[in-house]
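See below for work21.cif, which holds mmCIF, C-alpha atoms.
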data_final
#
loop_
_atom_site.label_atom_id
_atom_site.label_comp_id
_atom_site.auth_asym_id
_atom_site.auth_seq_id
_atom_site.Cartn_x
_atom_site.Cartn_y
_atom_site.Cartn_z
CA MET A 1 73.83 27.49 3.58
CA PRO A 2 71.58 28.79 0.80
CA ALA A 3 69.89 32.15 1.24
CA SER A 4 66.38 30.88 0.62
CA TRP A 5 64.39 29.56 3.56
CA THR A 6 62.23 27.58 1.14
CA VAL A 7 65.28 25.68 -0.12
CA ILE A 8 66.44 24.99 3.45
CA VAL A 9 63.04 23.60 4.48
CA ALA A 10 62.67 21.57 1.28
CA ALA A 11 66.18 20.12 1.65
CA GLY A 12 65.53 19.26 5.30
CA LEU A 13 62.31 17.45 4.42
CA LEU A 14 64.03 15.54 1.61
CA VAL A 15 66.97 14.53 3.82
CA GLY A 16 64.65 13.39 6.63
CA PHE A 17 62.15 11.52 4.47
CA GLY A 18 64.83 10.10 2.16
CA THR A 19 67.11 8.73 4.87
CA ARG A 20 64.12 7.08 6.55
CA LEU A 21 62.74 5.54 3.35
CA GLY A 22 66.20 4.55 2.12
CA ALA A 23 67.15 3.21 5.57
CA GLY A 24 70.43 5.09 5.84
CA CYS A 25 72.55 8.14 5.03
CA THR A 26 76.17 8.98 4.26
CA SER A 27 77.36 7.43 7.53
CA GLY A 28 74.92 4.51 7.61
CA HIS A 29 75.19 3.35 4.01
CA GLY A 30 78.33 5.20 2.91
CA ILE A 31 80.58 4.07 5.74
CA CYS A 32 79.01 1.29 7.84
CA GLY A 33 77.14 -0.36 4.96
CA ILE A 34 80.02 -0.27 2.48
CA ALA A 35 82.35 -1.51 5.22
CA ARG A 36 80.11 -4.59 5.51
CA LEU A 37 80.19 -4.92 1.70
CA SER A 38 76.39 -4.67 1.63
CA ILE A 39 75.01 -4.56 -1.92
CA ARG A 40 72.07 -2.44 -0.67
CA SER A 41 74.42 0.13 0.86
CA ILE A 42 76.74 0.27 -2.13
CA THR A 43 73.71 0.83 -4.39
CA ALA A 44 72.28 3.48 -2.04
CA THR A 45 75.62 5.34 -1.91
CA VAL A 46 75.93 5.37 -5.69
CA VAL A 47 72.34 6.66 -5.99
CA PHE A 48 72.60 9.50 -3.44
CA MET A 49 76.05 10.58 -4.66
CA PHE A 50 74.65 10.67 -8.20
CA THR A 51 71.55 12.74 -7.38
CA ALA A 52 73.57 15.09 -5.14
CA ILE A 53 76.17 15.68 -7.88
CA VAL A 54 73.39 16.34 -10.42
CA VAL A 55 71.66 18.80 -8.06
CA VAL A 56 74.93 20.67 -7.38
CA ALA A 57 75.71 20.79 -11.12
CA LEU A 58 72.23 22.18 -11.84
CA THR A 59 72.15 24.73 -9.01
CA HIS A 60 75.75 25.91 -9.44
CA HIS A 61 76.18 25.88 -13.20
CA VAL A 62 72.79 25.80 -14.91
CA ILE A 63 70.29 27.72 -12.76
CA GLY A 64 72.54 29.77 -10.48
CA GLY A 65 75.36 30.00 -13.06
CA MET B 1 77.95 1.18 30.62
CA LEU B 2 76.13 1.12 27.29
CA THR B 3 75.34 4.83 27.72
CA ILE B 4 78.99 5.65 28.40
CA ALA B 5 80.05 3.66 25.33
CA ALA B 6 77.47 5.51 23.24
CA LEU B 7 78.75 8.84 24.56
CA ILE B 8 82.35 7.96 23.70
CA CYS B 9 81.38 6.70 20.22
CA GLY B 10 79.37 9.86 19.57
CA LEU B 11 82.27 11.99 20.71
CA ILE B 12 84.73 10.21 18.40
CA PHE B 13 82.28 10.36 15.47
CA GLY B 14 81.61 14.05 16.10
CA CYS B 15 85.33 14.85 16.29
CA GLY B 16 85.86 13.00 13.03
CA LEU B 17 83.15 14.99 11.26
CA LEU B 18 84.50 18.23 12.70
CA ILE B 19 88.19 17.68 11.95
CA SER B 20 87.58 16.29 8.45
CA GLY B 21 85.39 19.22 7.41
CA MET B 22 82.25 17.12 6.85
CA VAL B 23 80.38 19.60 9.06
CA GLN B 24 81.02 22.46 6.62
CA PRO B 25 78.24 22.58 4.03
CA ALA B 26 80.42 24.65 1.67
CA LYS B 27 83.14 21.98 1.71
CA VAL B 28 80.61 19.20 1.08
CA LEU B 29 79.11 21.12 -1.85
CA ALA B 30 82.61 21.69 -3.28
CA PHE B 31 83.19 17.93 -3.04
CA LEU B 32 79.96 17.28 -4.97
CA ASP B 33 80.77 19.99 -7.55
CA ILE B 34 82.73 17.74 -9.91
CA PHE B 35 81.94 19.97 -12.91
CA GLY B 36 83.17 23.14 -11.18
CA ALA B 37 85.85 23.95 -8.61
CA TRP B 38 85.98 20.33 -7.41
CA ASP B 39 87.46 19.71 -3.98
CA PRO B 40 88.09 15.95 -3.81
CA SER B 41 89.46 15.99 -0.25
CA LEU B 42 86.32 14.45 1.30
CA ALA B 43 86.93 11.31 -0.76
CA VAL B 44 90.07 10.84 1.36
CA VAL B 45 87.89 11.17 4.48
CA MET B 46 85.62 8.40 3.22
CA ALA B 47 88.57 6.19 2.29
CA ALA B 48 90.16 6.74 5.71
CA ALA B 49 86.86 6.02 7.46
CA LEU B 50 86.51 2.77 5.53
CA ALA B 51 90.11 1.82 6.31
CA VAL B 52 89.08 1.83 9.98
CA SER B 53 85.52 0.54 9.72
CA VAL B 54 86.20 -2.44 7.41
CA PRO B 55 88.53 -4.21 9.90
CA GLY B 56 86.20 -3.08 12.70
CA PHE B 57 83.19 -4.78 11.13
CA ILE B 58 85.22 -7.89 10.31
CA LEU B 59 86.18 -8.16 13.99
CA ALA B 60 82.60 -7.45 15.10
CA LYS B 61 81.21 -10.13 12.79
CA ARG B 62 83.58 -12.73 14.21
CA ARG B 63 82.16 -12.24 17.68
CA GLU B 64 79.14 -14.18 18.77
CA ARG B 65 77.68 -11.15 20.52
CA PRO B 66 78.71 -7.52 21.12
CA PHE B 67 80.66 -6.55 24.25
CA LEU B 68 77.74 -4.65 25.76
CA ALA B 69 74.60 -6.31 24.38
CA THR B 70 73.07 -9.75 24.57
CA ARG B 71 72.84 -10.16 20.82
CA SER B 72 73.92 -8.51 17.58
CA ALA B 73 71.42 -6.66 15.42
CA TRP B 74 72.79 -6.98 11.90
CA PRO B 75 70.67 -5.60 9.06
CA THR B 76 68.48 -8.35 7.63
CA LYS B 77 67.42 -6.86 4.30
CA MET B 78 69.54 -8.12 1.42
CA ARG B 79 67.60 -7.16 -1.69
CA VAL B 80 67.82 -3.81 -3.46
CA ASP B 81 64.20 -2.64 -3.43
CA ARG B 82 62.23 0.40 -4.56
CA PRO B 83 62.14 2.21 -1.15
CA LEU B 84 65.95 2.00 -0.96
CA LEU B 85 66.37 3.52 -4.42
CA ILE B 86 63.71 6.23 -4.06
CA GLY B 87 64.76 7.12 -0.51
CA SER B 88 68.44 7.40 -1.43
CA ALA B 89 67.63 9.50 -4.50
CA LEU B 90 65.51 11.92 -2.41
CA PHE B 91 68.19 12.12 0.27
CA GLY B 92 70.80 12.92 -2.41
CA ILE B 93 68.67 15.79 -3.72
CA GLY B 94 68.36 17.31 -0.24
CA TRP B 95 72.06 16.78 0.46
CA GLY B 96 73.00 18.45 -2.84
CA LEU B 97 70.73 21.44 -2.15
CA VAL B 98 72.27 22.39 1.19
CA GLY B 99 75.36 20.23 1.78
CA LEU B 100 74.10 18.76 5.05
CA CYS B 101 73.42 15.13 5.89
CA PRO B 102 71.88 14.06 9.24
CA GLY B 103 75.05 13.61 11.35
CA PRO B 104 76.74 16.91 10.47
CA ALA B 105 73.35 18.70 10.64
CA LEU B 106 72.88 17.61 14.26
CA GLU B 107 76.48 18.51 15.12
CA ASN B 108 76.02 21.94 13.56
CA LEU B 109 73.13 22.63 15.95
CA ALA B 110 75.85 23.69 18.37
CA THR B 111 76.32 26.84 16.27
CA LEU B 112 72.70 27.84 17.13
CA SER B 113 72.35 29.28 13.64
CA PRO B 114 68.64 29.85 12.84
CA ARG B 115 69.11 28.30 9.37
CA LEU B 116 70.57 25.16 10.92
CA ILE B 117 67.76 24.88 13.45
CA VAL B 118 65.14 25.24 10.71
CA PHE B 119 66.93 22.59 8.63
CA VAL B 120 67.03 20.11 11.52
CA VAL B 121 63.36 20.73 12.37
CA ALA B 122 62.44 20.15 8.70
CA MET B 123 64.59 16.99 8.71
CA ALA B 124 62.76 15.67 11.78
CA GLY B 125 59.50 16.60 10.04
CA GLY B 126 60.53 14.57 6.98
CA MET B 127 61.28 11.57 9.16
CA MET B 128 57.91 11.87 10.91
CA LEU B 129 56.17 12.30 7.57
CA HIS B 130 57.68 8.98 6.50
CA ASP B 131 56.61 7.24 9.69
CA PHE B 132 53.04 8.52 9.39
CA TRP B 133 52.82 7.70 5.68
CA PRO B 134 50.03 5.09 5.62
CA LYS B 135 52.03 2.67 3.43
CA TYR B 136 55.10 2.65 5.65
CA ARG B 137 53.38 3.10 8.97
CA PRO B 138 54.78 0.60 11.47
CA ARG B 139 51.88 -1.39 12.91
CA THR B 140 53.40 -3.62 15.54
CA ARG B 141 55.97 -2.86 18.18
CA HIS B 142 58.46 -5.09 16.37
CA GLU B 143 57.95 -3.12 13.16
CA ARG B 144 58.47 0.14 15.04
CA VAL B 145 61.78 -1.14 16.37
CA LEU B 146 62.82 -2.19 12.88
CA ALA B 147 61.81 1.21 11.49
CA THR B 148 64.30 2.99 13.70
CA ALA B 149 67.09 0.60 12.75
CA THR B 150 68.79 1.56 9.52
CA ASP B 151 70.95 -0.53 7.25
CA GLY B 152 74.08 1.08 8.57
#
Could you rewrite the structure in this file as structure tokens?
Amino acid sequence: MPASWTVIVAAGLLVGFGTRLGAGCTSGHGICGIARLSIRSITATVVFMFTAIVVVALTHHVIGG
Amino acid sequence: MLTIAALICGLIFGCGLLISGMVQPAKVLAFLDIFGAWDPSLAVVMAAALAVSVPGFILAKRRERPFLATRSAWPTKMRVDRPLLIGSALFGIGWGLVGLCPGPALENLATLSPRLIVFVVAMAGGMMLHDFWPKYRPRTRHERVLATATDG
């Protein structure tokens, strides 16, 4: 877990709001949705994997270095 | 009976998350760190989960109704729309910041770590924020039921 409380709260808000708006998370879209071959879930999984990878790349290698 | 089934399913799901390492934020972040010290092992977890869930869903779809309910509740939305894209993008940002998605976050509450508790409270806050957002606010009882049902 990151040291900053601000980051923890911000991440929690994003995960809560995002999973509600996007109607699913890693389990919902990533496993159940893909297992049903749902186009919506496959798209959602690609989108959240992409943004998560970008965020990790930025925080680990650009900002945090 | 339905409650017992839910308990057993939750227990199996929780064990899966625990044994596979999905509950460890550091491991999740290492999986997402493809430009650094990449740990691809969680991809195997996803592949293994799909190897079980694909035949499971095929079997479930063949049935007229579930074992323990009067009718199935399959997701009805088919079109990729803006809320799906924006919501997934926001979720990905939060997931990448901390390495926790909803299931593992709830399971990690058992550690009673203050950081985890704050994260889960913020997550619940984000969900409530969505539900009280005027544009998405469910107006009828039917809409409220739909709002709690996700695609997955």
Next on the checklist: Could you tell me which residues of chain A sit within 7 Å of chain B when counting only C-alpha atoms, and give me the result as a PyMOL selection string?
Outcome noted: chain A and resi 1-2+8-9+11-24+26+28-29+31-33+35-36+40+44+47-49+51-53+55-57
Could those residues be written to a file, using C-alpha atoms, as a PDB file, in the coordinates of the input?
ATOM      1  CA  MET A   1      73.830  27.490   3.580  1.00  0.00           C
ATOM      2  CA  PRO A   2      71.580  28.790   0.800  1.00  0.00           C
ATOM      3  CA  ILE A   8      66.440  24.990   3.450  1.00  0.00           C
ATOM      4  CA  VAL A   9      63.040  23.600   4.480  1.00  0.00           C
ATOM      5  CA  ALA A  11      66.180  20.120   1.650  1.00  0.00           C
ATOM      6  CA  GLY A  12      65.530  19.260   5.300  1.00  0.00           C
ATOM      7  CA  LEU A  13      62.310  17.450   4.420  1.00  0.00           C
ATOM      8  CA  LEU A  14      64.030  15.540   1.610  1.00  0.00           C
ATOM      9  CA  VAL A  15      66.970  14.530   3.820  1.00  0.00           C
ATOM     10  CA  GLY A  16      64.650  13.390   6.630  1.00  0.00           C
ATOM     11  CA  PHE A  17      62.150  11.520   4.470  1.00  0.00           C
ATOM     12  CA  GLY A  18      64.830  10.100   2.160  1.00  0.00           C
ATOM     13  CA  THR A  19      67.110   8.730   4.870  1.00  0.00           C
ATOM     14  CA  ARG A  20      64.120   7.080   6.550  1.00  0.00           C
ATOM     15  CA  LEU A  21      62.740   5.540   3.350  1.00  0.00           C
ATOM     16  CA  GLY A  22      66.200   4.550   2.120  1.00  0.00           C
ATOM     17  CA  ALA A  23      67.150   3.210   5.570  1.00  0.00           C
ATOM     18  CA  GLY A  24      70.430   5.090   5.840  1.00  0.00           C
ATOM     19  CA  THR A  26      76.170   8.980   4.260  1.00  0.00           C
ATOM     20  CA  GLY A  28      74.920   4.510   7.610  1.00  0.00           C
ATOM     21  CA  HIS A  29      75.190   3.350   4.010  1.00  0.00           C
ATOM     22  CA  ILE A  31      80.580   4.070   5.740  1.00  0.00           C
ATOM     23  CA  CYS A  32      79.010   1.290   7.840  1.00  0.00           C
ATOM     24  CA  GLY A  33      77.140  -0.360   4.960  1.00  0.00           C
ATOM     25  CA  ALA A  35      82.350  -1.510   5.220  1.00  0.00           C
ATOM     26  CA  ARG A  36      80.110  -4.590   5.510  1.00  0.00           C
ATOM     27  CA  ARG A  40      72.070  -2.440  -0.670  1.00  0.00           C
ATOM     28  CA  ALA A  44      72.280   3.480  -2.040  1.00  0.00           C
ATOM     29  CA  VAL A  47      72.340   6.660  -5.990  1.00  0.00           C
ATOM     30  CA  PHE A  48      72.600   9.500  -3.440  1.00  0.00           C
ATOM     31  CA  MET A  49      76.050  10.580  -4.660  1.00  0.00           C
ATOM     32  CA  THR A  51      71.550  12.740  -7.380  1.00  0.00           C
ATOM     33  CA  ALA A  52      73.570  15.090  -5.140  1.00  0.00           C
ATOM     34  CA  ILE A  53      76.170  15.680  -7.880  1.00  0.00           C
ATOM     35  CA  VAL A  55      71.660  18.800  -8.060  1.00  0.00           C
ATOM     36  CA  VAL A  56      74.930  20.670  -7.380  1.00  0.00           C
ATOM     37  CA  ALA A  57      75.710  20.790 -11.120  1.00  0.00           C
TER      38      ALA A  57
END
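What separates CA of Ile8 in chain B from CA of Leu106 in chain B is a distance of 16.5 Å.
If you look at CA of Leu42 in chain B and CA of Ile12 in chain B, they are 17.7 Å away from each other.
What separates CA of His61 in chain A from CA of Thr43 in chain A is a distance of 26.7 Å.
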Can you report as AutoDock Vina command-line options the centre and edge lengths in Å, to one decimal, of an axis-aligned box around the listed atoms of range 55-73 of chain B padded with 8 Å on each side?
--center_x 80.0 --center_y -8.6 --center_z 17.8 --size_x 33.1 --size_y 27.1 --size_z 31.9
Next on the checklist: Residues within 9 Å of Val45 in chain B, please, as a PyMOL selection string. Count only C-alpha atoms; anything in the same chain fewer than 6 positions from it doesn't count.
Outcome noted: chain B and resi 16+20-22
Kindly add all heavy atoms to the incomplete range 18-29 of chain B and provide the output as an mmCIF file, keeping the file's coordinate frame.
data_model
loop_
_atom_site.group_PDB
_atom_site.id
_atom_site.type_symbol
_atom_site.label_atom_id
_atom_site.label_comp_id
_atom_site.auth_asym_id
_atom_site.auth_seq_id
_atom_site.Cartn_x
_atom_site.Cartn_y
_atom_site.Cartn_z
ATOM 1 N N LEU B 18 84.019 16.860 12.517
ATOM 2 C CA LEU B 18 84.500 18.230 12.700
ATOM 3 C C LEU B 18 85.878 18.433 12.075
ATOM 4 O O LEU B 18 86.104 19.354 11.292
ATOM 5 C CB LEU B 18 84.539 18.538 14.200
ATOM 6 C CG LEU B 18 84.768 19.980 14.600
ATOM 7 C CD1 LEU B 18 83.542 20.809 14.253
ATOM 8 C CD2 LEU B 18 85.045 20.091 16.087
ATOM 9 N N ILE B 19 86.805 17.529 12.423
ATOM 10 C CA ILE B 19 88.190 17.680 11.950
ATOM 11 C C ILE B 19 88.270 17.506 10.433
ATOM 12 O O ILE B 19 89.007 18.219 9.747
ATOM 13 C CB ILE B 19 89.121 16.661 12.675
ATOM 14 C CG1 ILE B 19 89.152 16.970 14.177
ATOM 15 C CG2 ILE B 19 90.536 16.694 12.089
ATOM 16 C CD1 ILE B 19 89.728 15.840 15.018
ATOM 17 N N SER B 20 87.478 16.572 9.884
ATOM 18 C CA SER B 20 87.580 16.290 8.450
ATOM 19 C C SER B 20 86.913 17.363 7.583
ATOM 20 O O SER B 20 87.156 17.417 6.383
ATOM 21 C CB SER B 20 86.935 14.939 8.149
ATOM 22 O OG SER B 20 85.553 14.998 8.414
ATOM 23 N N GLY B 21 86.059 18.179 8.189
ATOM 24 C CA GLY B 21 85.390 19.220 7.410
ATOM 25 C C GLY B 21 84.023 18.799 6.895
ATOM 26 O O GLY B 21 83.358 19.554 6.179
ATOM 27 N N MET B 22 83.581 17.583 7.264
ATOM 28 C CA MET B 22 82.250 17.120 6.850
ATOM 29 C C MET B 22 81.127 17.995 7.394
ATOM 30 O O MET B 22 80.011 17.978 6.892
ATOM 31 C CB MET B 22 82.001 15.677 7.335
ATOM 32 C CG MET B 22 82.474 14.573 6.411
ATOM 33 S SD MET B 22 81.696 14.526 4.790
ATOM 34 C CE MET B 22 80.046 13.933 5.176
ATOM 35 N N VAL B 23 81.427 18.751 8.461
ATOM 36 C CA VAL B 23 80.380 19.600 9.060
ATOM 37 C C VAL B 23 80.220 20.926 8.320
ATOM 38 O O VAL B 23 79.320 21.691 8.630
ATOM 39 C CB VAL B 23 80.649 19.902 10.558
ATOM 40 C CG1 VAL B 23 80.399 18.690 11.413
ATOM 41 C CG2 VAL B 23 82.037 20.444 10.758
ATOM 42 N N GLN B 24 81.129 21.187 7.346
ATOM 43 C CA GLN B 24 81.020 22.460 6.620
ATOM 44 C C GLN B 24 80.263 22.260 5.312
ATOM 45 O O GLN B 24 80.793 21.661 4.375
ATOM 46 C CB GLN B 24 82.426 22.988 6.307
ATOM 47 C CG GLN B 24 83.298 23.239 7.527
ATOM 48 C CD GLN B 24 84.761 23.390 7.160
ATOM 49 O OE1 GLN B 24 85.098 23.914 6.102
ATOM 50 N NE2 GLN B 24 85.637 22.903 8.008
ATOM 51 N N PRO B 25 79.031 22.773 5.247
ATOM 52 C CA PRO B 25 78.240 22.580 4.030
ATOM 53 C C PRO B 25 78.979 23.027 2.764
ATOM 54 O O PRO B 25 78.905 22.358 1.729
ATOM 55 C CB PRO B 25 77.002 23.439 4.266
ATOM 56 C CG PRO B 25 76.869 23.508 5.747
ATOM 57 C CD PRO B 25 78.274 23.502 6.269
ATOM 58 N N ALA B 26 79.736 24.129 2.856
ATOM 59 C CA ALA B 26 80.420 24.650 1.670
ATOM 60 C C ALA B 26 81.453 23.640 1.153
ATOM 61 O O ALA B 26 81.631 23.455 -0.054
ATOM 62 C CB ALA B 26 81.100 25.974 1.997
ATOM 63 N N LYS B 27 82.113 22.960 2.091
ATOM 64 C CA LYS B 27 83.140 21.980 1.710
ATOM 65 C C LYS B 27 82.484 20.752 1.066
ATOM 66 O O LYS B 27 82.994 20.193 0.096
ATOM 67 C CB LYS B 27 83.936 21.571 2.949
ATOM 68 C CG LYS B 27 85.223 20.845 2.609
ATOM 69 C CD LYS B 27 86.139 20.730 3.809
ATOM 70 C CE LYS B 27 87.326 19.828 3.529
ATOM 71 N NZ LYS B 27 88.247 20.388 2.544
ATOM 72 N N VAL B 28 81.337 20.354 1.628
ATOM 73 C CA VAL B 28 80.610 19.200 1.080
ATOM 74 C C VAL B 28 80.131 19.518 -0.333
ATOM 75 O O VAL B 28 80.274 18.706 -1.255
ATOM 76 C CB VAL B 28 79.414 18.831 1.994
ATOM 77 C CG1 VAL B 28 78.542 17.764 1.350
ATOM 78 C CG2 VAL B 28 79.911 18.356 3.357
ATOM 79 N N LEU B 29 79.594 20.735 -0.522
ATOM 80 C CA LEU B 29 79.110 21.120 -1.850
ATOM 81 C C LEU B 29 80.266 21.184 -2.857
ATOM 82 O O LEU B 29 80.105 20.810 -4.016
ATOM 83 C CB LEU B 29 78.355 22.457 -1.796
ATOM 84 C CG LEU B 29 77.012 22.402 -1.041
ATOM 85 C CD1 LEU B 29 76.361 23.778 -1.004
ATOM 86 C CD2 LEU B 29 76.057 21.382 -1.662
#
